[in-house]
Amino acid sequence: MIETIGDIKPVQSRLQEVITQKDFTLAKKAAGFVPLAQRNLSQCLDDIKTAANHKHNRLANDDKAEIERQQRAVGTRINNIQSQLEEYFGEVYSKMEHLKLEILTALRSSSHDYSTLATRTGVEVNVKSFRVSDSTWYKPWTWGNSHKEYYTYETRYTYIDANDALENIRNYARESASSIEAGFVDAANLLALKNRLLKLITDSFDISDESFDPAYFRLLAERTLNQIDFPVIKIDVDEPVTKLSSKFSGEVRDSSARSQIQKELSEIIAKLFDIISDKFTNEITKFKEQLNSIKENFAEHLLTDINKEFEELKSAYADKENNICRLENYISLLNELG
């Protein structure tokens, strides 16, 4: 009996199934990670080789005076792109304001749907009793005796479930926050924003100039872009939802009470819309301030990064031949790895 009760073979079998499934899932995920990691590694090696080749070519083919000329030319061109940045970010801001109006209009419209509660129908089982006589006329000793019997019947009633009100509040808040965040992921499209900034920079240079290395300059611009902490929009409504939804519970049958809960729900949804709208407006303001900071400082950051590269290159002229030799060995090693 104890052996039967304590038999853990089924548990062991199930555990082995779980382990096998877990191993399969991990292997499947790894199969997806490896190609991505390989691509990232390959791109990283390509970037390092691009930088090394550029530095080698400049040291081998240009003198220090030519490097200083290139540095001044690059600085002038970068400073001249600020007007293009103003124009591009103006388009982004306009798109954001248009999206803001669209989202707020949609949230106000959907608030009416969440303000309405459906009336439910319930069934209540009632129990009644009645007495049945146990008297038999020819048995005097039974006279006056009786027992109680029971029967049931159903009563239908209409009610509003307070849980529906809670769900409406939570769903409206959750879906509103999600639509705002998702909408701005599409609108801001940070990848497109980075690519557009990259194109603005590279298009500002004369690619016919032999001193301009498009791949290397693109690499420097990408490095600057990758250092930028681009903003995101996040709407947190957990606290107001908890506070506003605490008053609802149970079934509400009385008609006046149903009207009251419907009224209270409408008021709460309206208040929640105001809270979300305020949070949204504040997030938009912060978002635009952060983008404006990027706009104002991007050219300066890029120029700083590029000047750093030029200064390192000019310093390499102090021991030009040895540095060229080291770079050649380094590039050879990179080619073996790649």
# chains A, B, ... in the order shown; residues from 1 in each chain; ligands from 1
>>> residues_around(residues="segment 168-170 of chain A", least_positions_apart="4", cutoff="9 Å", atoms="only C-alpha atoms", output="list in words")
Asp113, Tyr114, Ser115, Thr116, Leu117, Asn163, Asp164, Arg174, Glu175, Asp238, Val241, Thr242, Leu244, Ser245, Leu265, Ile268, Ile269 and Leu272 of chain A
>>> write_last_selection(atoms="N, CA and C atoms", output="short mmCIF file (atom, residue, chain, number, x, y, z; two decimals), in the first residue's frame")
data_model
loop_
_atom_site.label_atom_id
_atom_site.label_comp_id
_atom_site.auth_asym_id
_atom_site.auth_seq_id
_atom_site.Cartn_x
_atom_site.Cartn_y
_atom_site.Cartn_z
N ASP A 113 -17.29 53.70 -24.54
CA ASP A 113 -17.55 52.25 -24.53
C ASP A 113 -17.28 51.68 -23.14
N TYR A 114 -16.20 52.13 -22.51
CA TYR A 114 -15.82 51.59 -21.20
C TYR A 114 -16.67 52.15 -20.08
N SER A 115 -17.45 53.19 -20.36
CA SER A 115 -18.30 53.79 -19.33
C SER A 115 -19.64 53.07 -19.19
N THR A 116 -19.91 52.12 -20.08
CA THR A 116 -21.20 51.43 -20.09
C THR A 116 -21.05 50.01 -19.54
N LEU A 117 -21.97 49.64 -18.68
CA LEU A 117 -21.97 48.30 -18.10
C LEU A 117 -23.16 47.50 -18.61
N ASN A 163 -17.54 43.67 -10.72
CA ASN A 163 -16.28 43.24 -11.34
C ASN A 163 -16.16 43.73 -12.78
N ASP A 164 -17.32 43.87 -13.44
CA ASP A 164 -17.31 44.42 -14.80
C ASP A 164 -16.81 45.86 -14.80
N ARG A 174 -5.18 50.25 -19.20
CA ARG A 174 -4.11 49.46 -19.83
C ARG A 174 -4.05 49.70 -21.34
N GLU A 175 -5.22 49.65 -21.99
CA GLU A 175 -5.23 49.81 -23.44
C GLU A 175 -4.89 51.24 -23.86
N ASP A 238 -1.01 52.57 -12.87
CA ASP A 238 -1.35 51.60 -11.83
C ASP A 238 -1.92 52.27 -10.58
N VAL A 241 -5.50 53.78 -11.04
CA VAL A 241 -6.47 52.70 -11.25
C VAL A 241 -6.81 52.03 -9.93
N THR A 242 -5.80 51.75 -9.12
CA THR A 242 -6.02 51.12 -7.81
C THR A 242 -6.88 52.02 -6.93
N LEU A 244 -9.01 54.45 -7.88
CA LEU A 244 -10.35 54.71 -8.40
C LEU A 244 -11.24 53.48 -8.38
N SER A 245 -10.64 52.29 -8.42
CA SER A 245 -11.45 51.08 -8.54
C SER A 245 -11.75 50.41 -7.21
N LEU A 265 -19.08 54.95 -12.51
CA LEU A 265 -18.14 54.42 -13.49
C LEU A 265 -17.84 55.46 -14.57
N ILE A 268 -15.54 58.01 -13.19
CA ILE A 268 -14.17 57.49 -13.01
C ILE A 268 -13.45 57.38 -14.34
N ILE A 269 -14.15 56.88 -15.36
CA ILE A 269 -13.52 56.77 -16.69
C ILE A 269 -13.15 58.16 -17.21
N LEU A 272 -10.19 59.24 -15.33
CA LEU A 272 -9.03 58.49 -15.80
C LEU A 272 -8.53 59.04 -17.13
#
>>> residues_around(residues="Tyr93 of chain A", least_positions_apart="3", cutoff="10 Å", atoms="only C-alpha atoms", output="list in words")
Tyr88, Phe89, Gly90, Met96, Glu97, His98, Leu99, Ala188, Ile284, Phe287, Lys288, Leu291 and Asn292 of chain A
>>> write_last_selection(atoms="N, CA and C atoms", output="mmCIF file, in the first residue's frame")
data_model
loop_
_atom_site.group_PDB
_atom_site.id
_atom_site.type_symbol
_atom_site.label_atom_id
_atom_site.label_comp_id
_atom_site.auth_asym_id
_atom_site.auth_seq_id
_atom_site.Cartn_x
_atom_site.Cartn_y
_atom_site.Cartn_z
ATOM 1 N N TYR A 88 14.555 68.941 -40.132
ATOM 2 C CA TYR A 88 14.137 67.554 -39.913
ATOM 3 C C TYR A 88 13.394 67.400 -38.591
ATOM 4 N N PHE A 89 13.955 67.963 -37.521
ATOM 5 C CA PHE A 89 13.286 67.828 -36.222
ATOM 6 C C PHE A 89 11.967 68.590 -36.201
ATOM 7 N N GLY A 90 11.855 69.643 -37.000
ATOM 8 C CA GLY A 90 10.568 70.326 -37.138
ATOM 9 C C GLY A 90 9.507 69.381 -37.684
ATOM 10 N N MET A 96 4.523 64.446 -34.261
ATOM 11 C CA MET A 96 4.167 64.103 -32.887
ATOM 12 C C MET A 96 2.886 64.808 -32.456
ATOM 13 N N GLU A 97 2.754 66.090 -32.773
ATOM 14 C CA GLU A 97 1.556 66.828 -32.391
ATOM 15 C C GLU A 97 0.318 66.277 -33.093
ATOM 16 N N HIS A 98 0.480 65.908 -34.357
ATOM 17 C CA HIS A 98 -0.644 65.316 -35.095
ATOM 18 C C HIS A 98 -1.049 63.993 -34.464
ATOM 19 N N LEU A 99 -0.055 63.179 -34.115
ATOM 20 C CA LEU A 99 -0.341 61.886 -33.491
ATOM 21 C C LEU A 99 -0.979 62.076 -32.119
ATOM 22 N N ALA A 188 7.882 57.966 -33.507
ATOM 23 C CA ALA A 188 9.268 58.382 -33.337
ATOM 24 C C ALA A 188 10.183 57.542 -34.213
ATOM 25 N N ILE A 284 4.872 64.039 -23.626
ATOM 26 C CA ILE A 284 5.166 64.656 -24.927
ATOM 27 C C ILE A 284 6.140 65.819 -24.751
ATOM 28 N N PHE A 287 9.493 64.450 -23.979
ATOM 29 C CA PHE A 287 9.993 63.812 -25.193
ATOM 30 C C PHE A 287 10.580 64.857 -26.138
ATOM 31 N N LYS A 288 9.843 65.944 -26.340
ATOM 32 C CA LYS A 288 10.291 67.000 -27.259
ATOM 33 C C LYS A 288 11.525 67.719 -26.706
ATOM 34 N N LEU A 291 14.422 65.437 -27.407
ATOM 35 C CA LEU A 291 14.767 65.484 -28.829
ATOM 36 C C LEU A 291 15.429 66.812 -29.181
ATOM 37 N N ASN A 292 14.946 67.875 -28.570
ATOM 38 C CA ASN A 292 15.522 69.188 -28.844
ATOM 39 C C ASN A 292 16.981 69.244 -28.380
#
>>> closest_residue(among="A:Ile160, A:Leu198, A:Ile67, A:Leu191", to="Leu302 of chain A", atoms="only C-alpha atoms")
A:Leu198
>>> residues_around(residues="Gly122 of chain A", least_positions_apart="2", cutoff="9 Å", atoms="only C-alpha atoms", output="PDB file with N, CA and C atoms, in the first residue's frame")
ATOM      1  N   ARG A 120     -26.696  41.995 -16.373  1.00  0.00           N
ATOM      2  CA  ARG A 120     -26.657  40.521 -16.381  1.00  0.00           C
ATOM      3  C   ARG A 120     -27.949  39.964 -15.784  1.00  0.00           C
ATOM      4  N   GLU A 124     -31.724  32.765  -8.839  1.00  0.00           N
ATOM      5  CA  GLU A 124     -31.615  32.507  -7.414  1.00  0.00           C
ATOM      6  C   GLU A 124     -32.525  31.333  -7.049  1.00  0.00           C
ATOM      7  N   THR A 155     -35.881  32.018  -9.002  1.00  0.00           N
ATOM      8  CA  THR A 155     -36.281  33.401  -9.248  1.00  0.00           C
ATOM      9  C   THR A 155     -35.209  34.069 -10.103  1.00  0.00           C
ATOM     10  N   ARG A 156     -35.623  34.652 -11.188  1.00  0.00           N
ATOM     11  CA  ARG A 156     -34.668  35.354 -12.053  1.00  0.00           C
ATOM     12  C   ARG A 156     -34.634  36.838 -11.675  1.00  0.00           C
ATOM     13  N   TYR A 157     -33.430  37.379 -11.736  1.00  0.00           N
ATOM     14  CA  TYR A 157     -33.272  38.795 -11.395  1.00  0.00           C
ATOM     15  C   TYR A 157     -32.197  39.414 -12.291  1.00  0.00           C
ATOM     16  N   THR A 158     -32.188  40.700 -12.414  1.00  0.00           N
ATOM     17  CA  THR A 158     -31.168  41.414 -13.188  1.00  0.00           C
ATOM     18  C   THR A 158     -30.248  42.158 -12.226  1.00  0.00           C
ATOM     19  N   TYR A 159     -28.997  42.267 -12.639  1.00  0.00           N
ATOM     20  CA  TYR A 159     -28.026  42.931 -11.773  1.00  0.00           C
ATOM     21  C   TYR A 159     -26.856  43.457 -12.611  1.00  0.00           C
TER      22      TYR A 159
END
>>> residues_around(residues="segment 70-83 of chain A", least_positions_apart="2", cutoff="12 Å", atoms="only C-alpha atoms", output="mmCIF file with N, CA and C atoms, in the first residue's frame")
data_model
loop_
_atom_site.group_PDB
_atom_site.id
_atom_site.type_symbol
_atom_site.label_atom_id
_atom_site.label_comp_id
_atom_site.auth_asym_id
_atom_site.auth_seq_id
_atom_site.Cartn_x
_atom_site.Cartn_y
_atom_site.Cartn_z
ATOM 1 N N ARG A 58 45.644 57.183 -44.129
ATOM 2 C CA ARG A 58 45.950 58.588 -43.893
ATOM 3 C C ARG A 58 47.421 58.768 -43.500
ATOM 4 N N ASP A 62 49.069 60.817 -46.476
ATOM 5 C CA ASP A 62 48.914 62.250 -46.223
ATOM 6 C C ASP A 62 49.941 62.715 -45.198
ATOM 7 N N ASP A 63 50.325 63.968 -45.319
ATOM 8 C CA ASP A 63 51.196 64.527 -44.294
ATOM 9 C C ASP A 63 50.334 65.205 -43.225
ATOM 10 N N LYS A 64 50.982 65.679 -42.187
ATOM 11 C CA LYS A 64 50.250 66.254 -41.059
ATOM 12 C C LYS A 64 49.466 67.492 -41.471
ATOM 13 N N ALA A 65 50.036 68.282 -42.394
ATOM 14 C CA ALA A 65 49.350 69.494 -42.851
ATOM 15 C C ALA A 65 48.053 69.151 -43.567
ATOM 16 N N GLU A 66 48.074 68.067 -44.364
ATOM 17 C CA GLU A 66 46.868 67.645 -45.080
ATOM 18 C C GLU A 66 45.795 67.170 -44.091
ATOM 19 N N ILE A 67 46.217 66.459 -43.043
ATOM 20 C CA ILE A 67 45.274 65.999 -42.012
ATOM 21 C C ILE A 67 44.617 67.201 -41.332
ATOM 22 N N GLU A 68 45.409 68.238 -41.055
ATOM 23 C CA GLU A 68 44.846 69.438 -40.418
ATOM 24 C C GLU A 68 43.861 70.136 -41.353
ATOM 25 N N LEU A 85 19.218 70.012 -39.634
ATOM 26 C CA LEU A 85 18.713 69.359 -38.424
ATOM 27 C C LEU A 85 17.453 70.057 -37.927
ATOM 28 N N GLU A 86 17.436 71.384 -37.976
ATOM 29 C CA GLU A 86 16.256 72.146 -37.550
ATOM 30 C C GLU A 86 15.044 71.744 -38.384
ATOM 31 N N GLU A 87 15.254 71.639 -39.694
ATOM 32 C CA GLU A 87 14.156 71.294 -40.595
ATOM 33 C C GLU A 87 13.639 69.884 -40.320
ATOM 34 N N TYR A 88 14.555 68.941 -40.132
ATOM 35 C CA TYR A 88 14.137 67.554 -39.913
ATOM 36 C C TYR A 88 13.394 67.400 -38.591
ATOM 37 N N PHE A 89 13.955 67.963 -37.521
ATOM 38 C CA PHE A 89 13.286 67.828 -36.222
ATOM 39 C C PHE A 89 11.967 68.590 -36.201
ATOM 40 N N GLY A 90 11.855 69.643 -37.000
ATOM 41 C CA GLY A 90 10.568 70.326 -37.138
ATOM 42 C C GLY A 90 9.507 69.381 -37.684
ATOM 43 N N LEU A 197 19.380 60.876 -39.479
ATOM 44 C CA LEU A 197 20.475 61.718 -39.012
ATOM 45 C C LEU A 197 21.790 61.310 -39.665
ATOM 46 N N LEU A 198 21.980 60.015 -39.793
ATOM 47 C CA LEU A 198 23.197 59.499 -40.426
ATOM 48 C C LEU A 198 23.283 59.952 -41.872
ATOM 49 N N LYS A 199 22.142 59.897 -42.563
ATOM 50 C CA LYS A 199 22.110 60.301 -43.969
ATOM 51 C C LYS A 199 22.336 61.819 -44.098
ATOM 52 N N LEU A 200 21.748 62.578 -43.166
ATOM 53 C CA LEU A 200 21.946 64.025 -43.188
ATOM 54 C C LEU A 200 23.436 64.371 -43.107
ATOM 55 N N ILE A 201 24.133 63.657 -42.230
ATOM 56 C CA ILE A 201 25.553 63.933 -42.037
ATOM 57 C C ILE A 201 26.353 63.537 -43.269
ATOM 58 N N THR A 202 26.199 62.300 -43.710
ATOM 59 C CA THR A 202 27.019 61.809 -44.823
ATOM 60 C C THR A 202 26.704 62.535 -46.128
ATOM 61 N N ASP A 203 25.431 62.943 -46.315
ATOM 62 C CA ASP A 203 25.075 63.671 -47.540
ATOM 63 C C ASP A 203 25.655 65.084 -47.571
ATOM 64 N N SER A 204 26.111 65.557 -46.421
ATOM 65 C CA SER A 204 26.647 66.910 -46.350
ATOM 66 C C SER A 204 28.090 66.994 -46.838
ATOM 67 N N PHE A 205 28.668 65.839 -47.181
ATOM 68 C CA PHE A 205 30.066 65.833 -47.598
ATOM 69 C C PHE A 205 30.196 65.504 -49.077
ATOM 70 N N ASP A 206 31.222 66.035 -49.638
ATOM 71 C CA ASP A 206 31.507 65.838 -51.059
ATOM 72 C C ASP A 206 32.249 64.513 -51.222
ATOM 73 N N ASP A 209 35.612 64.095 -53.009
ATOM 74 C CA ASP A 209 36.859 64.459 -52.354
ATOM 75 C C ASP A 209 37.579 63.172 -51.942
ATOM 76 N N GLU A 210 38.763 62.980 -52.439
ATOM 77 C CA GLU A 210 39.495 61.740 -52.171
ATOM 78 C C GLU A 210 39.827 61.575 -50.695
ATOM 79 N N SER A 211 39.889 62.678 -49.979
ATOM 80 C CA SER A 211 40.206 62.592 -48.548
ATOM 81 C C SER A 211 39.011 62.141 -47.718
ATOM 82 N N PHE A 212 37.841 62.100 -48.345
ATOM 83 C CA PHE A 212 36.631 61.695 -47.627
ATOM 84 C C PHE A 212 36.409 60.196 -47.786
ATOM 85 N N ASP A 213 36.455 59.483 -46.682
ATOM 86 C CA ASP A 213 36.247 58.030 -46.662
ATOM 87 C C ASP A 213 34.818 57.779 -46.155
ATOM 88 N N PHE A 217 33.688 57.625 -42.217
ATOM 89 C CA PHE A 217 32.919 58.737 -41.671
ATOM 90 C C PHE A 217 31.556 58.258 -41.172
ATOM 91 N N ALA A 221 29.978 58.640 -37.363
ATOM 92 C CA ALA A 221 28.637 59.171 -37.121
ATOM 93 C C ALA A 221 27.788 58.165 -36.347
ATOM 94 N N ILE A 294 18.963 66.674 -28.282
ATOM 95 C CA ILE A 294 19.705 65.903 -29.283
ATOM 96 C C ILE A 294 19.982 66.770 -30.501
ATOM 97 N N LYS A 295 18.963 67.494 -30.929
ATOM 98 C CA LYS A 295 19.112 68.361 -32.110
ATOM 99 C C LYS A 295 20.187 69.411 -31.884
ATOM 100 N N GLU A 296 20.154 70.026 -30.696
ATOM 101 C CA GLU A 296 21.094 71.112 -30.408
ATOM 102 C C GLU A 296 22.520 70.611 -30.253
ATOM 103 N N ASN A 297 22.683 69.385 -29.756
ATOM 104 C CA ASN A 297 24.022 68.919 -29.382
ATOM 105 C C ASN A 297 24.621 67.881 -30.315
ATOM 106 N N PHE A 298 23.802 67.368 -31.242
ATOM 107 C CA PHE A 298 24.298 66.268 -32.076
ATOM 108 C C PHE A 298 25.525 66.673 -32.890
ATOM 109 N N ALA A 299 25.439 67.806 -33.592
ATOM 110 C CA ALA A 299 26.565 68.243 -34.431
ATOM 111 C C ALA A 299 27.810 68.479 -33.578
ATOM 112 N N GLU A 300 27.585 69.055 -32.387
ATOM 113 C CA GLU A 300 28.723 69.329 -31.500
ATOM 114 C C GLU A 300 29.366 68.024 -31.023
ATOM 115 N N HIS A 301 28.523 67.052 -30.638
ATOM 116 C CA HIS A 301 29.056 65.762 -30.196
ATOM 117 C C HIS A 301 29.817 65.065 -31.323
ATOM 118 N N LEU A 302 29.243 65.125 -32.525
ATOM 119 C CA LEU A 302 29.892 64.485 -33.665
ATOM 120 C C LEU A 302 31.238 65.148 -33.950
ATOM 121 N N LEU A 303 31.260 66.470 -33.898
ATOM 122 C CA LEU A 303 32.501 67.200 -34.160
ATOM 123 C C LEU A 303 33.554 66.855 -33.098
ATOM 124 N N THR A 304 33.118 66.738 -31.846
ATOM 125 C CA THR A 304 34.032 66.371 -30.765
ATOM 126 C C THR A 304 34.638 64.993 -31.011
ATOM 127 N N ASP A 305 33.779 64.025 -31.386
ATOM 128 C CA ASP A 305 34.260 62.671 -31.650
ATOM 129 C C ASP A 305 35.227 62.643 -32.827
ATOM 130 N N ILE A 306 34.905 63.399 -33.875
ATOM 131 C CA ILE A 306 35.760 63.405 -35.065
ATOM 132 C C ILE A 306 37.090 64.101 -34.778
ATOM 133 N N ASN A 307 37.029 65.205 -34.039
ATOM 134 C CA ASN A 307 38.272 65.898 -33.678
ATOM 135 C C ASN A 307 39.180 65.014 -32.841
ATOM 136 N N LYS A 308 38.559 64.196 -31.977
ATOM 137 C CA LYS A 308 39.352 63.265 -31.183
ATOM 138 C C LYS A 308 40.108 62.305 -32.088
ATOM 139 N N GLU A 309 39.415 61.805 -33.124
ATOM 140 C CA GLU A 309 40.068 60.888 -34.070
ATOM 141 C C GLU A 309 41.211 61.598 -34.819
ATOM 142 N N PHE A 310 40.974 62.841 -35.220
ATOM 143 C CA PHE A 310 42.014 63.588 -35.942
ATOM 144 C C PHE A 310 43.227 63.847 -35.047
ATOM 145 N N GLU A 311 42.968 64.185 -33.789
ATOM 146 C CA GLU A 311 44.069 64.457 -32.875
ATOM 147 C C GLU A 311 44.907 63.208 -32.644
ATOM 148 N N GLU A 312 44.240 62.053 -32.524
ATOM 149 C CA GLU A 312 44.967 60.792 -32.369
ATOM 150 C C GLU A 312 45.797 60.501 -33.613
ATOM 151 N N LEU A 313 45.223 60.815 -34.773
ATOM 152 C CA LEU A 313 45.932 60.579 -36.024
ATOM 153 C C LEU A 313 47.158 61.491 -36.122
ATOM 154 N N LYS A 314 47.002 62.754 -35.733
ATOM 155 C CA LYS A 314 48.134 63.685 -35.785
ATOM 156 C C LYS A 314 49.228 63.266 -34.804
#
>>> closest_residue(among="A:Ile103, A:Ile48, A:Leu219, A:Ala162", to="Glu251 of chain A", atoms="only C-alpha atoms")
A:Ala162
>>> select_by_dssp(residues="segment 104-284 of chain A", states="helix (DSSP H, G or I)", output="number ranges by chain")
A: 104-114, 140-142, 162-188, 190-203, 214-226, 238-244, 255-284
>>> write_last_selection(atoms="C-alpha atoms", output="mmCIF file, in the first residue's frame")
data_model
loop_
_atom_site.group_PDB
_atom_site.id
_atom_site.type_symbol
_atom_site.label_atom_id
_atom_site.label_comp_id
_atom_site.auth_asym_id
_atom_site.auth_seq_id
_atom_site.Cartn_x
_atom_site.Cartn_y
_atom_site.Cartn_z
ATOM 1 C CA LEU A 104 -6.460 61.705 -27.534
ATOM 2 C CA THR A 105 -9.461 61.694 -29.880
ATOM 3 C CA ALA A 106 -9.382 57.877 -29.993
ATOM 4 C CA LEU A 107 -9.054 57.630 -26.190
ATOM 5 C CA ARG A 108 -11.990 59.980 -25.650
ATOM 6 C CA SER A 109 -14.096 57.971 -28.092
ATOM 7 C CA SER A 110 -13.242 54.619 -26.480
ATOM 8 C CA SER A 111 -13.970 56.040 -23.014
ATOM 9 C CA HIS A 112 -17.693 56.006 -23.865
ATOM 10 C CA ASP A 113 -17.551 52.254 -24.527
ATOM 11 C CA TYR A 114 -15.820 51.587 -21.204
ATOM 12 C CA PRO A 140 -55.231 7.529 17.481
ATOM 13 C CA TRP A 141 -51.686 7.697 18.755
ATOM 14 C CA THR A 142 -50.691 9.350 15.438
ATOM 15 C CA ALA A 162 -19.134 45.349 -9.966
ATOM 16 C CA ASN A 163 -16.276 43.239 -11.336
ATOM 17 C CA ASP A 164 -17.305 44.417 -14.805
ATOM 18 C CA ALA A 165 -16.773 47.986 -13.654
ATOM 19 C CA LEU A 166 -13.348 47.067 -12.292
ATOM 20 C CA GLU A 167 -12.415 45.357 -15.553
ATOM 21 C CA ASN A 168 -13.605 48.339 -17.588
ATOM 22 C CA ILE A 169 -11.436 50.675 -15.526
ATOM 23 C CA ARG A 170 -8.363 48.442 -15.732
ATOM 24 C CA ASN A 171 -8.803 47.641 -19.427
ATOM 25 C CA TYR A 172 -9.356 51.267 -20.375
ATOM 26 C CA ALA A 173 -6.238 52.318 -18.488
ATOM 27 C CA ARG A 174 -4.111 49.459 -19.829
ATOM 28 C CA GLU A 175 -5.233 49.807 -23.439
ATOM 29 C CA SER A 176 -4.908 53.591 -23.337
ATOM 30 C CA ALA A 177 -1.344 53.377 -22.045
ATOM 31 C CA SER A 178 -0.477 50.676 -24.578
ATOM 32 C CA SER A 179 -1.918 52.618 -27.522
ATOM 33 C CA ILE A 180 0.030 55.734 -26.494
ATOM 34 C CA GLU A 181 3.317 53.871 -26.091
ATOM 35 C CA ALA A 182 2.871 51.820 -29.273
ATOM 36 C CA GLY A 183 1.786 54.894 -31.227
ATOM 37 C CA PHE A 184 4.929 56.746 -30.329
ATOM 38 C CA VAL A 185 7.166 53.797 -31.050
ATOM 39 C CA ASP A 186 5.788 53.990 -34.603
ATOM 40 C CA ALA A 187 5.811 57.783 -34.755
ATOM 41 C CA ALA A 188 9.268 58.382 -33.337
ATOM 42 C CA LEU A 190 14.052 55.705 -33.480
ATOM 43 C CA LEU A 191 15.766 53.468 -36.013
ATOM 44 C CA ALA A 192 14.490 55.654 -38.855
ATOM 45 C CA LEU A 193 15.474 58.742 -36.850
ATOM 46 C CA LYS A 194 19.032 57.461 -36.466
ATOM 47 C CA ASN A 195 19.252 56.513 -40.136
ATOM 48 C CA ARG A 196 17.929 59.918 -41.182
ATOM 49 C CA LEU A 197 20.475 61.718 -39.012
ATOM 50 C CA LEU A 198 23.197 59.499 -40.426
ATOM 51 C CA LYS A 199 22.110 60.301 -43.969
ATOM 52 C CA LEU A 200 21.946 64.025 -43.188
ATOM 53 C CA ILE A 201 25.553 63.933 -42.037
ATOM 54 C CA THR A 202 27.019 61.809 -44.823
ATOM 55 C CA ASP A 203 25.075 63.671 -47.540
ATOM 56 C CA PRO A 214 32.452 57.351 -46.660
ATOM 57 C CA ALA A 215 32.679 54.077 -44.712
ATOM 58 C CA TYR A 216 34.919 55.557 -42.039
ATOM 59 C CA PHE A 217 32.919 58.737 -41.671
ATOM 60 C CA ARG A 218 29.702 56.749 -41.430
ATOM 61 C CA LEU A 219 31.323 54.682 -38.681
ATOM 62 C CA LEU A 220 32.167 57.825 -36.694
ATOM 63 C CA ALA A 221 28.637 59.171 -37.121
ATOM 64 C CA GLU A 222 27.177 55.834 -35.981
ATOM 65 C CA ARG A 223 29.387 55.859 -32.910
ATOM 66 C CA THR A 224 28.090 59.295 -31.977
ATOM 67 C CA LEU A 225 24.490 58.214 -32.564
ATOM 68 C CA ASN A 226 24.942 55.107 -30.428
ATOM 69 C CA ASP A 238 -1.350 51.599 -11.827
ATOM 70 C CA GLU A 239 -1.718 54.006 -8.902
ATOM 71 C CA PRO A 240 -4.802 55.923 -10.110
ATOM 72 C CA VAL A 241 -6.468 52.698 -11.251
ATOM 73 C CA THR A 242 -6.021 51.115 -7.813
ATOM 74 C CA LYS A 243 -7.334 54.244 -6.134
ATOM 75 C CA LEU A 244 -10.352 54.712 -8.401
ATOM 76 C CA SER A 255 -32.252 49.693 -9.778
ATOM 77 C CA SER A 256 -31.245 52.930 -8.049
ATOM 78 C CA ALA A 257 -27.941 51.370 -6.968
ATOM 79 C CA ARG A 258 -27.357 50.191 -10.549
ATOM 80 C CA SER A 259 -27.897 53.702 -11.824
ATOM 81 C CA GLN A 260 -25.503 54.993 -9.201
ATOM 82 C CA ILE A 261 -22.715 52.553 -10.079
ATOM 83 C CA GLN A 262 -23.187 53.367 -13.773
ATOM 84 C CA LYS A 263 -22.873 57.083 -12.939
ATOM 85 C CA GLU A 264 -19.802 56.512 -10.786
ATOM 86 C CA LEU A 265 -18.135 54.418 -13.488
ATOM 87 C CA SER A 266 -18.704 57.143 -16.081
ATOM 88 C CA GLU A 267 -17.188 59.710 -13.737
ATOM 89 C CA ILE A 268 -14.174 57.490 -13.008
ATOM 90 C CA ILE A 269 -13.522 56.769 -16.692
ATOM 91 C CA ALA A 270 -13.766 60.504 -17.413
ATOM 92 C CA LYS A 271 -11.355 61.223 -14.563
ATOM 93 C CA LEU A 272 -9.028 58.492 -15.796
ATOM 94 C CA PHE A 273 -9.082 60.049 -19.267
ATOM 95 C CA ASP A 274 -8.044 63.370 -17.725
ATOM 96 C CA ILE A 275 -5.241 61.700 -15.754
ATOM 97 C CA ILE A 276 -3.947 59.839 -18.816
ATOM 98 C CA SER A 277 -4.231 62.967 -20.973
ATOM 99 C CA ASP A 278 -2.207 64.975 -18.448
ATOM 100 C CA LYS A 279 0.429 62.256 -18.193
ATOM 101 C CA PHE A 280 0.522 61.997 -21.977
ATOM 102 C CA THR A 281 0.906 65.760 -22.419
ATOM 103 C CA ASN A 282 3.719 65.845 -19.851
ATOM 104 C CA GLU A 283 5.465 62.911 -21.550
ATOM 105 C CA ILE A 284 5.166 64.656 -24.927
#
>>> select_by_dssp(residues="segment 124-337 of chain A", states="strand (DSSP E)", output="list in words")
Glu124, Val125, Asn126, Val127, Lys128, Ser129, Phe130, Arg131, Val132, Ser133, Ser146, His147, Lys148, Glu149, Tyr150, Tyr151, Thr152, Tyr153, Glu154, Thr155, Arg156, Tyr157, Thr158, Tyr159, Ile160, Asp161, Glu251 and Val252 of chain A
>>> atom_distance(atom1="atom CA of Lys320 of chain A", atom2="atom CA of Thr50 of chain A")
19.2 Å
>>> closest_residue(among="A:Lys286, A:Lys139, A:Lys55, A:Arg131", to="Lys234 of chain A", atoms="only C-alpha atoms")
A:Lys286
>>> atom_distance(atom1="atom CA of Asn57 of chain A", atom2="atom CA of Leu327 of chain A")
9.9 Å
>>> atom_distance(atom1="atom CA of Glu289 of chain A", atom2="atom CA of Val92 of chain A")
12.5 Å
>>> decode(residues="segment 219-223 of chain A", atoms="N, CA and C atoms", output="tab-separated table (two decimals), in the first residue's frame")
chain	number	residue	atom	x	y	z
A	219	LEU	N	31.02	55.37	-39.94
A	219	LEU	CA	31.32	54.68	-38.68
A	219	LEU	C	31.40	55.68	-37.52
A	220	LEU	N	32.07	56.81	-37.74
A	220	LEU	CA	32.17	57.83	-36.69
A	220	LEU	C	30.80	58.40	-36.34
A	221	ALA	N	29.98	58.64	-37.36
A	221	ALA	CA	28.64	59.17	-37.12
A	221	ALA	C	27.79	58.16	-36.35
A	222	GLU	N	27.93	56.88	-36.69
A	222	GLU	CA	27.18	55.83	-35.98
A	222	GLU	C	27.61	55.75	-34.52
A	223	ARG	N	28.90	55.88	-34.29
A	223	ARG	CA	29.39	55.86	-32.91
A	223	ARG	C	28.76	56.99	-32.09
